[in-house]
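Note: the block below is target_14.txt and it holds compact mmCIF, C-alpha atoms and all ligand atoms.
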```
# COMPACT_ATOMS: atom_id res chain seq x y z
CA MET A 1 71.77 -87.64 104.88
CA SER A 2 72.28 -84.72 102.55
CA PHE A 3 72.02 -81.18 103.78
CA PHE A 4 68.75 -80.71 101.97
CA GLU A 5 67.23 -83.89 103.39
CA LYS A 6 68.26 -82.84 106.85
CA LEU A 7 66.80 -79.42 106.42
CA LYS A 8 63.58 -80.90 105.17
CA ASN A 9 63.41 -83.45 107.97
CA GLY A 10 64.48 -81.08 110.68
CA MET A 11 62.16 -78.36 109.62
CA SER A 12 59.41 -80.73 108.65
CA LYS A 13 56.82 -79.42 111.07
CA THR A 14 57.67 -75.82 110.31
CA ARG A 15 57.73 -76.50 106.61
CA LYS A 16 54.54 -78.50 106.72
CA ASN A 17 52.81 -75.70 108.51
CA ILE A 18 53.50 -73.12 105.85
CA ALA A 19 53.93 -75.33 102.84
CA GLU A 20 50.69 -77.21 103.33
CA LYS A 21 48.74 -74.06 103.89
CA LEU A 22 50.30 -72.10 101.04
CA ASN A 23 50.18 -74.90 98.49
CA GLY A 24 46.65 -75.58 99.68
CA VAL A 25 45.55 -72.07 98.81
CA PHE A 26 46.99 -72.33 95.32
CA ALA A 27 45.27 -75.67 94.84
CA MET A 28 41.96 -74.14 95.87
CA PHE A 29 41.91 -71.35 93.30
CA THR A 30 41.63 -71.49 89.55
CA ARG A 31 41.36 -67.76 88.93
CA VAL A 32 43.74 -64.94 89.75
CA ASP A 33 41.58 -62.48 91.64
CA GLU A 34 41.35 -60.41 94.79
CA GLU A 35 39.98 -63.39 96.67
CA LEU A 36 43.15 -65.38 96.02
CA LEU A 37 45.28 -62.52 97.29
CA GLU A 38 43.17 -62.17 100.42
CA GLU A 39 43.42 -65.87 101.13
CA LEU A 40 47.19 -65.78 100.61
CA GLU A 41 47.60 -62.81 102.92
CA GLU A 42 45.60 -64.53 105.62
CA THR A 43 47.67 -67.68 105.25
CA LEU A 44 50.95 -65.78 105.49
CA ILE A 45 49.76 -64.12 108.68
CA LEU A 46 48.73 -67.50 110.09
CA CYS A 47 52.26 -68.73 109.38
CA ASP A 48 53.62 -66.11 111.75
CA MET A 49 54.82 -63.79 109.08
CA GLY A 50 53.28 -60.88 110.90
CA VAL A 51 50.69 -58.50 109.53
CA ASN A 52 53.15 -55.91 108.22
CA THR A 53 55.34 -58.35 106.35
CA ALA A 54 52.38 -60.25 104.93
CA MET A 55 50.88 -56.99 103.68
CA THR A 56 54.16 -55.94 102.08
CA VAL A 57 54.51 -59.31 100.35
CA ILE A 58 50.95 -59.20 99.02
CA GLU A 59 51.39 -55.62 97.83
CA LYS A 60 54.43 -56.68 95.83
CA LEU A 61 52.54 -59.64 94.46
CA ARG A 62 49.59 -57.48 93.44
CA ALA A 63 51.94 -55.08 91.66
CA GLN A 64 53.57 -57.95 89.76
CA ILE A 65 50.25 -59.46 88.75
CA LYS A 66 49.28 -56.11 87.29
CA GLU A 67 52.59 -55.26 85.71
CA ASN A 68 53.21 -58.66 84.14
CA ARG A 69 49.54 -59.36 83.48
CA LEU A 70 49.65 -62.68 85.30
CA LYS A 71 46.59 -64.73 84.49
CA GLU A 72 47.49 -68.19 85.73
CA VAL A 73 47.52 -69.26 89.37
CA ASP A 74 50.83 -71.03 88.73
CA GLU A 75 52.40 -67.78 87.52
CA VAL A 76 51.32 -66.12 90.75
CA LYS A 77 52.87 -68.94 92.72
CA THR A 78 56.19 -68.48 90.90
CA ALA A 79 56.00 -64.73 91.50
CA LEU A 80 55.35 -65.28 95.21
CA LYS A 81 58.30 -67.64 95.42
CA GLU A 82 60.53 -64.99 93.88
CA ILE A 83 59.25 -62.30 96.27
CA LEU A 84 59.84 -64.53 99.31
CA TYR A 85 63.29 -65.38 98.05
CA GLU A 86 64.18 -61.70 97.59
CA LEU A 87 62.95 -61.15 101.13
CA VAL A 88 65.09 -63.73 102.92
CA GLN A 89 68.21 -63.96 100.78
CA PHE A 90 71.35 -62.10 101.80
CA GLU A 91 74.96 -61.76 100.81
CA GLN A 92 77.10 -63.77 103.20
CA PRO A 93 80.11 -61.54 103.93
CA GLU A 94 83.45 -63.23 103.69
CA GLU A 95 84.56 -64.58 107.04
CA ILE A 96 87.68 -63.12 108.57
CA PHE A 97 89.73 -65.47 110.72
CA PRO A 98 90.60 -65.42 113.52
CA LYS A 99 87.18 -64.28 114.58
CA VAL A 100 85.33 -63.65 117.81
CA VAL A 101 81.64 -64.47 117.87
CA LEU A 102 79.41 -63.09 120.61
CA ILE A 103 76.25 -65.07 121.20
CA VAL A 104 73.45 -63.05 122.79
CA GLY A 105 69.77 -63.63 123.51
CA VAL A 106 67.23 -64.00 126.30
CA ASN A 107 67.19 -66.89 128.77
CA GLY A 108 66.32 -70.24 127.34
CA ALA A 109 66.49 -69.12 123.70
CA GLY A 110 69.14 -71.73 123.01
CA LYS A 111 72.42 -69.81 123.21
CA THR A 112 74.52 -72.45 124.92
CA THR A 113 73.14 -75.27 122.78
CA SER A 114 73.70 -73.26 119.60
CA ILE A 115 77.30 -72.54 120.59
CA GLY A 116 77.91 -76.28 120.91
CA LYS A 117 76.42 -76.82 117.46
CA ILE A 118 78.27 -73.90 115.84
CA ALA A 119 81.52 -75.15 117.38
CA HIS A 120 80.83 -78.47 115.71
CA VAL A 121 80.14 -76.82 112.33
CA TYR A 122 83.44 -74.93 112.40
CA LYS A 123 85.34 -77.95 113.65
CA GLU A 124 84.01 -80.00 110.75
CA GLN A 125 85.44 -77.28 108.50
CA GLY A 126 88.83 -77.86 110.08
CA LYS A 127 88.80 -74.69 112.15
CA LYS A 128 90.27 -74.48 115.64
CA VAL A 129 87.53 -73.43 118.04
CA LEU A 130 87.61 -72.13 121.61
CA LEU A 131 84.60 -71.53 123.84
CA ALA A 132 84.45 -68.66 126.35
CA ALA A 133 81.98 -69.09 129.20
CA ALA A 134 81.11 -65.43 129.62
CA ASP A 135 77.70 -66.19 131.11
CA THR A 136 78.83 -65.98 134.70
CA PHE A 137 75.46 -64.83 135.98
CA ARG A 138 74.03 -68.28 136.54
CA ALA A 139 75.85 -70.94 138.57
CA ALA A 140 75.24 -73.79 136.15
CA ALA A 141 75.89 -71.80 132.97
CA SER A 142 79.59 -72.52 132.53
CA GLU A 143 79.03 -76.16 133.45
CA GLN A 144 76.47 -76.44 130.66
CA LEU A 145 78.85 -74.88 128.20
CA ASN A 146 81.53 -77.25 129.41
CA ILE A 147 79.33 -80.21 128.48
CA TRP A 148 79.06 -78.80 124.96
CA ALA A 149 82.82 -78.22 124.81
CA GLU A 150 83.29 -81.91 125.57
CA ARG A 151 80.71 -82.97 123.00
CA ALA A 152 82.24 -80.82 120.30
CA GLU A 153 85.73 -81.72 121.52
CA VAL A 154 86.90 -78.14 121.73
CA PRO A 155 88.68 -76.31 124.57
CA ILE A 156 86.92 -73.89 126.87
CA VAL A 157 87.88 -70.96 129.10
CA LYS A 158 85.63 -70.83 132.15
CA TYR A 159 85.53 -69.52 135.68
CA GLY A 160 82.99 -69.83 138.43
CA GLU A 161 79.81 -67.89 138.97
CA GLY A 162 80.05 -64.19 139.60
CA HIS A 163 83.31 -63.61 137.73
CA ASP A 164 83.60 -60.65 135.43
CA PRO A 165 82.45 -61.89 131.99
CA ALA A 166 84.78 -59.44 130.25
CA ALA A 167 87.70 -61.00 132.12
CA VAL A 168 86.69 -64.43 130.80
CA VAL A 169 86.73 -63.06 127.26
CA TYR A 170 90.08 -61.37 127.93
CA ASP A 171 91.58 -64.69 128.98
CA ALA A 172 89.96 -66.51 126.09
CA ILE A 173 91.58 -64.09 123.64
CA ASP A 174 94.93 -64.57 125.33
CA SER A 175 94.54 -68.33 125.16
CA ALA A 176 93.37 -68.17 121.52
CA LYS A 177 96.49 -66.25 120.49
CA HIS A 178 98.69 -68.92 122.04
CA ARG A 179 96.75 -71.83 120.60
CA GLY A 180 96.30 -70.40 117.13
CA THR A 181 92.52 -70.54 117.49
CA ASP A 182 90.41 -69.61 114.47
CA VAL A 183 87.06 -69.01 116.16
CA ILE A 184 86.23 -67.94 119.71
CA LEU A 185 82.56 -68.47 120.58
CA CYS A 186 81.47 -66.43 123.61
CA ASP A 187 78.42 -67.43 125.63
CA THR A 188 76.75 -64.48 127.39
CA ALA A 189 74.11 -64.02 130.05
CA GLY A 190 70.58 -63.78 128.76
CA ARG A 191 68.83 -61.72 131.34
CA LEU A 192 67.01 -58.80 129.90
CA HIS A 193 64.98 -57.73 132.91
CA ASN A 194 67.83 -55.43 133.73
CA LYS A 195 68.58 -53.97 130.37
CA LYS A 196 71.09 -51.47 131.62
CA ASN A 197 73.25 -54.15 133.20
CA LEU A 198 73.03 -56.31 130.16
CA MET A 199 73.98 -53.44 127.90
CA ASN A 200 76.91 -52.51 130.11
CA GLU A 201 78.09 -56.08 130.21
CA LEU A 202 77.90 -56.59 126.46
CA SER A 203 79.61 -53.32 125.68
CA LYS A 204 82.36 -54.05 128.18
CA ILE A 205 82.98 -57.41 126.52
CA SER A 206 82.95 -55.64 123.19
CA ARG A 207 85.52 -53.10 124.32
CA VAL A 208 87.82 -55.85 125.56
CA ILE A 209 87.68 -57.55 122.15
CA ASP A 210 88.33 -54.22 120.36
CA ARG A 211 91.29 -53.47 122.55
CA GLU A 212 92.85 -56.93 122.83
CA TYR A 213 92.09 -58.36 119.43
CA PRO A 214 91.51 -55.58 116.91
CA GLU A 215 92.76 -57.69 114.02
CA ALA A 216 90.15 -60.39 114.59
CA GLY A 217 86.90 -60.64 112.66
CA ARG A 218 83.81 -59.92 114.71
CA GLU A 219 80.30 -61.24 114.67
CA THR A 220 77.38 -60.86 117.05
CA LEU A 221 74.66 -63.45 116.68
CA LEU A 222 71.28 -63.10 118.34
CA VAL A 223 69.66 -66.39 119.32
CA LEU A 224 65.87 -66.38 119.07
CA ASP A 225 63.41 -69.07 120.05
CA GLY A 226 61.50 -69.91 116.87
CA THR A 227 58.48 -70.94 118.89
CA ALA A 228 58.19 -67.53 120.53
CA GLY A 229 56.62 -65.99 117.41
CA GLN A 230 55.96 -62.28 117.49
CA ASN A 231 57.36 -62.10 121.00
CA ALA A 232 60.76 -63.08 119.63
CA LEU A 233 60.47 -60.20 117.18
CA PHE A 234 59.99 -57.87 120.11
CA GLN A 235 63.06 -59.34 121.84
CA ALA A 236 65.07 -58.94 118.67
CA ARG A 237 64.20 -55.26 118.54
CA GLU A 238 65.25 -54.79 122.15
CA PHE A 239 68.59 -56.45 121.53
CA ALA A 240 69.18 -54.65 118.26
CA ASN A 241 68.79 -51.40 120.16
CA THR A 242 71.51 -52.52 122.56
CA VAL A 243 74.11 -54.14 120.34
CA ALA A 244 74.71 -54.32 116.60
CA ILE A 245 73.42 -57.72 115.52
CA ASP A 246 74.99 -59.35 112.45
CA GLY A 247 72.74 -62.35 112.23
CA ILE A 248 70.09 -64.46 113.88
CA VAL A 249 70.22 -68.04 115.05
CA LEU A 250 66.62 -69.19 114.97
CA THR A 251 66.20 -72.22 117.22
CA LYS A 252 63.57 -74.90 117.82
CA LEU A 253 62.33 -74.96 114.27
CA ASP A 254 61.82 -78.68 114.79
CA GLY A 255 59.03 -77.77 117.18
CA THR A 256 55.76 -76.21 116.23
CA ALA A 257 57.31 -72.99 115.04
CA LYS A 258 55.91 -71.34 112.01
CA GLY A 259 58.73 -70.46 109.69
CA GLY A 260 57.02 -67.43 108.22
CA PHE A 261 58.74 -65.78 111.09
CA ILE A 262 62.03 -65.94 109.19
CA CYS A 263 60.51 -63.54 106.65
CA ALA A 264 59.21 -61.24 109.36
CA ILE A 265 62.64 -60.93 111.00
CA ARG A 266 64.19 -60.00 107.71
CA GLU A 267 61.53 -57.54 106.60
CA GLU A 268 61.01 -55.83 109.95
CA LEU A 269 64.54 -55.82 111.35
CA GLY A 270 66.70 -56.15 108.28
CA ILE A 271 68.76 -58.82 110.02
CA PRO A 272 69.47 -62.06 108.17
CA VAL A 273 68.78 -65.46 109.69
CA LYS A 274 72.16 -67.21 109.46
CA TYR A 275 71.54 -70.47 111.23
CA ILE A 276 68.51 -72.51 112.09
CA GLY A 277 68.34 -74.93 115.02
CA VAL A 278 66.36 -78.06 114.28
CA GLY A 279 66.86 -80.17 117.40
CA GLU A 280 68.81 -80.65 120.59
CA GLY A 281 71.69 -82.67 119.14
CA ILE A 282 75.09 -81.43 118.04
CA ASP A 283 74.25 -82.01 114.35
CA ASP A 284 70.97 -80.17 114.57
CA LEU A 285 72.06 -76.83 113.16
CA GLN A 286 71.98 -75.69 109.57
CA ARG A 287 73.25 -72.64 107.80
CA PHE A 288 70.15 -70.96 106.52
CA ASP A 289 69.82 -71.25 102.78
CA ALA A 290 67.27 -68.88 101.26
CA LYS A 291 66.72 -70.87 98.09
CA GLU A 292 66.21 -74.17 99.85
CA PHE A 293 63.89 -72.50 102.31
CA VAL A 294 61.68 -71.00 99.64
CA ASP A 295 61.80 -74.17 97.52
CA SER A 296 60.62 -76.15 100.49
CA LEU A 297 57.68 -73.81 101.04
CA LEU A 298 56.14 -73.72 97.61
CA ASP A 299 55.99 -76.58 95.09
N1 LIG A 301 63.96 -78.85 120.12
C1 LIG A 301 64.96 -77.98 120.20
N2 LIG A 301 65.40 -77.61 121.40
C2 LIG A 301 66.39 -76.72 121.48
C3 LIG A 301 67.00 -76.16 120.32
N3 LIG A 301 67.97 -75.30 120.73
C4 LIG A 301 67.95 -75.33 122.09
N4 LIG A 301 67.01 -76.17 122.55
C5 LIG A 301 66.65 -76.47 123.95
O1 LIG A 301 66.24 -75.29 124.58
C6 LIG A 301 66.61 -75.31 125.95
C7 LIG A 301 67.39 -74.05 126.31
O2 LIG A 301 68.62 -74.07 125.62
P1 LIG A 301 69.94 -73.37 126.17
O3 LIG A 301 70.98 -73.57 125.14
O4 LIG A 301 70.24 -73.80 127.55
O5 LIG A 301 69.46 -71.87 126.19
P2 LIG A 301 70.26 -70.58 126.71
O6 LIG A 301 69.85 -69.45 125.84
O7 LIG A 301 71.70 -70.87 126.82
O8 LIG A 301 69.60 -70.38 128.14
P3 LIG A 301 70.21 -69.58 129.41
O9 LIG A 301 71.62 -70.03 129.60
O10 LIG A 301 69.31 -70.00 130.53
O11 LIG A 301 70.09 -68.14 129.12
C8 LIG A 301 67.39 -76.60 126.16
O12 LIG A 301 66.54 -77.57 126.70
C9 LIG A 301 67.81 -76.99 124.75
O13 LIG A 301 67.99 -78.36 124.59
C10 LIG A 301 66.50 -76.58 119.02
O14 LIG A 301 66.94 -76.13 117.95
N5 LIG A 301 65.49 -77.48 119.05
MG MG A 302 73.00 -70.80 128.44
```
Now that the file is in, can you turn its structure into structure tokens?
Amino acid sequence: MSFFEKLKNGMSKTRKNIAEKLNGVFAMFTRVDEELLEELEETLILCDMGVNTAMTVIEKLRAQIKENRLKEVDEVKTALKEILYELVQFEQPEEIFPKVVLIVGVNGAGKTTSIGKIAHVYKEQGKKVLLAAADTFRAAASEQLNIWAERAEVPIVKYGEGHDPAAVVYDAIDSAKHRGTDVILCDTAGRLHNKKNLMNELSKISRVIDREYPEAGRETLLVLDGTAGQNALFQAREFANTVAIDGIVLTKLDGTAKGGFICAIREELGIPVKYIGVGEGIDDLQRFDAKEFVDSLLD
């Protein structure tokens, strides 16, 4: 299956949700008027784009209709496509290897699963991957990561429950230097109910990486549950206040998630969605492609 087919299949429910509704609106109208814009705005909000983002998008659309004297519904559709594309596209910075990737996010968002999938993506690219089980808060956490290490056929550094997560990362870096690892993927604890602890833990891990591996590339990815809607946006803000987030992994887009959320994240937080999770299997992760996303939304 091609990447595009997979994306379409995997995201089918998400895509259907927005695409059907959006295309439906355009099919309903023959005239470009305020009513069309109102209907579009409502639809965008229904697709979990959030009120603010939907309003911004419609404002831009209204301005373009006026400026370019758009008279045809199809022209408005093309303009909307362009606006949505501008909203979600981003420049992928060049990757620096070796690199250390910190995976953060609340409990159950899909951190451990996403690490398994990301490990697989890098491995397919011929990179040497190492997992670091720095979620030592929960007894079963490192065992779960271990299962993914086996699936992806990559090595793992893990200790038992209650160990210092920063020490796990320290050892992983040491091991990576010996093995010639390209990418270290660090699982972290997801608890947010004690923000201070979480912040301390993440910044301690961060300091260890700075000190022990300053030459390595760094990336912090926030994993968000795509079905959590506006609540996930709230979580993202909380995390962004704690650590600098380079990108989002949006999971469970195979579920009933409404993908308009991707636009909301970008507009409201300025953080790009880098990967999307479309299932529980090791192959069920895609690098987010803005053009394909927008093309799949509007005919
Ligand atoms: N359908 C679907 N399920 C997913 C996806 N990603 C993760 N899951 C499921 O979500 C559940 C939680 O995933 P985990 O990877 O354990 O989440 P976590 O963030 O590591 O959770 P904690 O370790 O408890 O903080 C599991 O049942 C996964 O199979 C996805 O893209 N699609
Ligand atoms: Mg986990």
Query raised in the report: If you count all atoms listed in the file, which residues end up within 12 Å of ligand MG 302 (chain A), as a PyMOL selection string?
Result: chain A and resi 103-116+132-148+186-191+223
Requested in this report: Within 10 Å of Lys291 in chain A, counting all atoms listed in the file, which residues show up once you throw out same-chain ones fewer than 4 positions away? Write them as JSON, numbers by chain, please.
Outcome: {"A": [81, 82, 84, 85, 86, 88, 89, 295, 296, 297]}
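With all atoms listed in the file as the atoms that count, the minimum distance from ligand LIG 301 (chain A) to the choices A:Gly226, A:Pro272, A:Gly247, A:Pro155 is reached by A:Gly226.
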Hey, could you pull the box centre and edge lengths for ligand LIG 301 (chain A), axis-aligned, 8 Å padding per side, all listed atoms, to one decimal in Å, as JSON?
```
{"center_x": 67.8, "center_y": -73.5, "center_z": 124.2, "size_x": 23.7, "size_y": 26.7, "size_z": 28.6}
```
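Rounded to one decimal, CA of Leu70 in chain A and CA of Thr53 in chain A lie 22.2 Å from each other.
Proximity ranking of A:Val183, A:His178, A:Leu222, A:Val168 relative to Val121 in chain A places A:Val183 first, based on only C-alpha atoms.
With all atoms listed in the file as the atoms that count, the minimum distance from Leu221 in chain A to the choices A:Val129, A:Ile18, A:Leu253, A:Val100 is reached by A:Val100.
Minimum atom-to-atom distances from A:Asp174, A:Glu124, A:Ile118, A:Asn200 to ligand LIG 301 (chain A) were compared using only C-alpha atoms and all ligand atoms, and the lowest value belongs to A:Ile118.
Using only C-alpha atoms, the nearest neighbour of Ala172 in chain A within the list A:Leu131, A:Ala149, A:Ala290, A:Ile205 is A:Leu131.
Here CA of Cys47 in chain A stands at a distance of 28.5 Å from CA of Val243 in chain A.
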Query - CA of Gly126 in chain A to CA of Ala216 in chain A, distance in Å rounded to a single decimal - result: 18.1 Å
Report task. Using all atoms listed in the file, collect all residues at a distance of at most 6 Å from (91.2, -69.7, 125.1) as written in the file, then present them as a ChimeraX atom specification. Result -> /A:130,157,172-173,175-176
Query raised in the report: Which residues, protein or nucleic acid, reach to within 12 Å of (42.5, -67.5, 94.0) in the file's coordinates when using only C-alpha atoms, and can you give that as an MDAnalysis selection string?
Result: chainID A and resid 22:41 71:77
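Residue nearest ligand LIG 301 (chain A) within the list A:Asn68, A:Thr242, A:Thr227, A:Gln92: A:Thr227 [criterion: smallest interatomic distance, all atoms listed in the file].
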Neighbour list for Asp48 in chain A as an mmCIF file with C-alpha atoms, in the frame of the given file, cut-off 12 Å, all atoms listed in the file, skip fewer than 4 positions in-chain:
```
data_model
loop_
_atom_site.group_PDB
_atom_site.id
_atom_site.type_symbol
_atom_site.label_atom_id
_atom_site.label_comp_id
_atom_site.auth_asym_id
_atom_site.auth_seq_id
_atom_site.Cartn_x
_atom_site.Cartn_y
_atom_site.Cartn_z
ATOM 1 C CA THR A 14 57.670 -75.820 110.310
ATOM 2 C CA ASN A 17 52.810 -75.700 108.510
ATOM 3 C CA ILE A 18 53.500 -73.120 105.850
ATOM 4 C CA GLU A 41 47.600 -62.810 102.920
ATOM 5 C CA GLU A 42 45.600 -64.530 105.620
ATOM 6 C CA THR A 43 47.670 -67.680 105.250
ATOM 7 C CA LEU A 44 50.950 -65.780 105.490
ATOM 8 C CA ASN A 52 53.150 -55.910 108.220
ATOM 9 C CA THR A 53 55.340 -58.350 106.350
ATOM 10 C CA ALA A 54 52.380 -60.250 104.930
ATOM 11 C CA GLY A 226 61.500 -69.910 116.870
ATOM 12 C CA THR A 227 58.480 -70.940 118.890
ATOM 13 C CA ALA A 228 58.190 -67.530 120.530
ATOM 14 C CA GLY A 229 56.620 -65.990 117.410
ATOM 15 C CA GLN A 230 55.960 -62.280 117.490
ATOM 16 C CA ASN A 231 57.360 -62.100 121.000
ATOM 17 C CA ALA A 232 60.760 -63.080 119.630
ATOM 18 C CA LEU A 233 60.470 -60.200 117.180
ATOM 19 C CA THR A 256 55.760 -76.210 116.230
ATOM 20 C CA ALA A 257 57.310 -72.990 115.040
ATOM 21 C CA LYS A 258 55.910 -71.340 112.010
ATOM 22 C CA GLY A 259 58.730 -70.460 109.690
ATOM 23 C CA GLY A 260 57.020 -67.430 108.220
ATOM 24 C CA PHE A 261 58.740 -65.780 111.090
ATOM 25 C CA ILE A 262 62.030 -65.940 109.190
ATOM 26 C CA CYS A 263 60.510 -63.540 106.650
ATOM 27 C CA ALA A 264 59.210 -61.240 109.360
ATOM 28 C CA ILE A 265 62.640 -60.930 111.000
#
```
